[in-house]
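Let me begin by presenting the structure, written as structure tokens, before commenting on it.
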Amino acid sequence: MIRRPVDTGDPDRLYTVTGGRSRADDDTFDLVTLIVSECQPTAGMQSEHVRILELCRHPMALVEISADLRLPVTVVRILLGDLLATGRITARHPRTARSADLPDSALLKEVLLGLRNL
């Protein structure tokens with residue numbers, strides 16, 4: 001098997017797709033943020049935006065969108081920022097575990113001790 005470098009796409013095309021931007025305006029999207037379309041594509045939209053809206057009819061993670069579009073994650077973040085600013089998508093962040101949701105550490109130690117004794 002011959003290993004080839006990762007293809008990040010034609011730099012000129014990526015420059016055009018993002019309108020010359022190289023970074024998203026903020027850190028709204030992480031790799032596992034779920035994206036959901038809020039509308040149908042309209043005439044005159046950029047083809048990548050159209051494809052994102054079609055892909056996200058059901059919740060889809062940013063990293064999955066990037067893989068399906070075969071575009072770098074940074075480029076997809078910029079495109080998603082455009083769609084979020086116009087209200088065409090919503091971003092659902094995964095729930096983070098709160099300390100109240102976690103079991104008591106003393107209970108976990110007892111379970112571990114019990115498993116070791118088996």
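So you can find residues: chains in the structure tokens are A, B, ... in the order shown, residues in each start at 1, and ligands are numbered from 1 in order.
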### Query
How would you write, as a ChimeraX atom specification, the set of residues in stretch 7-111 of chain A that DSSP gives as strand (DSSP E or B)?
/A:34-37,60-61,89-92
Residues as selected, N, CA, C and O atoms, written as a CSV table (one decimal), in the first residue's frame, can you do that?
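So the final result, stored in out_25.csv, reads:
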chain,number,residue,atom,x,y,z
A,34,LEU,N,-23.4,19.3,16.7
A,34,LEU,CA,-24.4,18.8,15.8
A,34,LEU,C,-25.1,20.0,15.1
A,34,LEU,O,-25.5,21.0,15.7
A,35,ILE,N,-25.2,19.9,13.8
A,35,ILE,CA,-25.7,21.0,13.0
A,35,ILE,C,-27.0,20.5,12.4
A,35,ILE,O,-27.1,19.3,11.9
A,36,VAL,N,-28.1,21.3,12.4
A,36,VAL,CA,-29.4,21.0,11.9
A,36,VAL,C,-29.8,22.1,11.0
A,36,VAL,O,-29.8,23.3,11.3
A,37,SER,N,-30.3,21.8,9.8
A,37,SER,CA,-30.8,22.7,8.8
A,37,SER,C,-32.1,23.3,9.3
A,37,SER,O,-33.0,22.6,9.9
A,60,MET,N,-26.2,16.4,12.2
A,60,MET,CA,-24.9,15.8,11.8
A,60,MET,C,-23.8,16.6,12.4
A,60,MET,O,-23.8,17.8,12.5
A,61,ALA,N,-22.7,15.9,12.8
A,61,ALA,CA,-21.6,16.5,13.5
A,61,ALA,C,-20.7,17.2,12.4
A,61,ALA,O,-20.6,16.8,11.3
A,89,ILE,N,-29.2,27.5,9.9
A,89,ILE,CA,-28.9,26.3,10.7
A,89,ILE,C,-28.9,26.6,12.1
A,89,ILE,O,-28.9,27.8,12.5
A,90,THR,N,-29.0,25.6,12.9
A,90,THR,CA,-28.8,25.7,14.4
A,90,THR,C,-27.7,24.8,14.8
A,90,THR,O,-27.5,23.7,14.1
A,91,ALA,N,-27.0,25.2,15.8
A,91,ALA,CA,-25.9,24.3,16.3
A,91,ALA,C,-26.3,23.8,17.7
A,91,ALA,O,-26.6,24.6,18.6
A,92,ARG,N,-26.1,22.5,17.8
A,92,ARG,CA,-26.4,21.9,19.1
A,92,ARG,C,-25.2,21.3,19.7
A,92,ARG,O,-24.6,20.4,19.1
### Query
How many Å separate atom CA of A:Gly19 from atom CA of A:Leu31?
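Between atom CA of A:Gly19 and atom CA of A:Leu31 the gap works out to 22.1 Å.
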### Proximity to A:Leu79 - best of A:Arg116, A:Arg23, A:Lys109, A:His49, only C-alpha atoms
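Among A:Arg116, A:Arg23, A:Lys109, A:His49, it is A:His49 that comes nearest to A:Leu79.
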Write out as a CSV table (one decimal) with all heavy atoms, in the first residue's frame each polymer residue whose atoms come within 12 Å of A:Asp27, counting only C-alpha atoms; drop sequence neighbours fewer than 6 positions from it.
chain,number,residue,atom,x,y,z
A,33,THR,N,-20.0,19.3,17.4
A,33,THR,CA,-21.2,20.1,17.4
A,33,THR,C,-22.2,19.6,16.4
A,33,THR,O,-21.8,19.3,15.2
A,33,THR,CB,-20.9,21.6,17.1
A,33,THR,OG1,-20.0,22.1,18.1
A,33,THR,CG2,-22.1,22.4,17.1
A,74,THR,N,-11.5,23.5,9.0
A,74,THR,CA,-11.5,25.0,9.2
A,74,THR,C,-12.4,25.7,8.1
A,74,THR,O,-13.1,26.6,8.4
A,74,THR,CB,-10.1,25.5,9.0
A,74,THR,OG1,-9.5,25.0,7.8
A,74,THR,CG2,-9.2,25.1,10.2
A,77,ARG,N,-16.0,25.1,9.1
A,77,ARG,CA,-16.4,26.0,10.2
A,77,ARG,C,-16.8,27.4,9.7
A,77,ARG,O,-17.7,28.0,10.1
A,77,ARG,CB,-15.2,26.2,11.2
A,77,ARG,CG,-15.1,25.1,12.2
A,77,ARG,CD,-14.1,25.3,13.2
A,77,ARG,NE,-14.1,24.3,14.2
A,77,ARG,CZ,-13.0,23.7,14.7
A,77,ARG,NH1,-11.8,24.1,14.3
A,77,ARG,NH2,-13.1,22.8,15.6
A,78,ILE,N,-16.0,27.9,8.7
A,78,ILE,CA,-16.3,29.2,8.1
A,78,ILE,C,-17.7,29.2,7.4
A,78,ILE,O,-18.5,30.1,7.6
A,78,ILE,CB,-15.2,29.6,7.1
A,78,ILE,CG1,-13.9,29.9,7.9
A,78,ILE,CG2,-15.6,30.8,6.3
A,78,ILE,CD1,-12.6,30.0,7.1
A,80,LEU,N,-20.2,27.1,8.0
A,80,LEU,CA,-21.2,27.0,9.0
A,80,LEU,C,-21.5,28.3,9.7
A,80,LEU,O,-22.6,28.6,10.0
A,80,LEU,CB,-20.9,25.9,10.0
A,80,LEU,CG,-20.9,24.5,9.5
A,80,LEU,CD1,-20.4,23.5,10.6
A,80,LEU,CD2,-22.3,24.1,9.0
A,81,GLY,N,-20.4,29.1,9.9
A,81,GLY,CA,-20.6,30.4,10.5
A,81,GLY,C,-21.5,31.3,9.6
A,81,GLY,O,-22.3,32.1,10.1
A,91,ALA,N,-27.0,25.2,15.8
A,91,ALA,CA,-25.9,24.3,16.3
A,91,ALA,C,-26.3,23.8,17.7
A,91,ALA,O,-26.6,24.6,18.6
A,91,ALA,CB,-24.6,25.2,16.4
A,93,HIS,N,-24.8,21.9,20.8
A,93,HIS,CA,-23.5,21.4,21.4
A,93,HIS,C,-23.8,20.2,22.3
A,93,HIS,O,-24.9,20.1,23.0
A,93,HIS,CB,-22.9,22.5,22.3
A,93,HIS,CG,-22.6,23.7,21.4
A,93,HIS,ND1,-21.5,23.8,20.7
A,93,HIS,CD2,-23.2,24.9,21.2
A,93,HIS,CE1,-21.4,24.9,20.0
A,93,HIS,NE2,-22.5,25.6,20.3
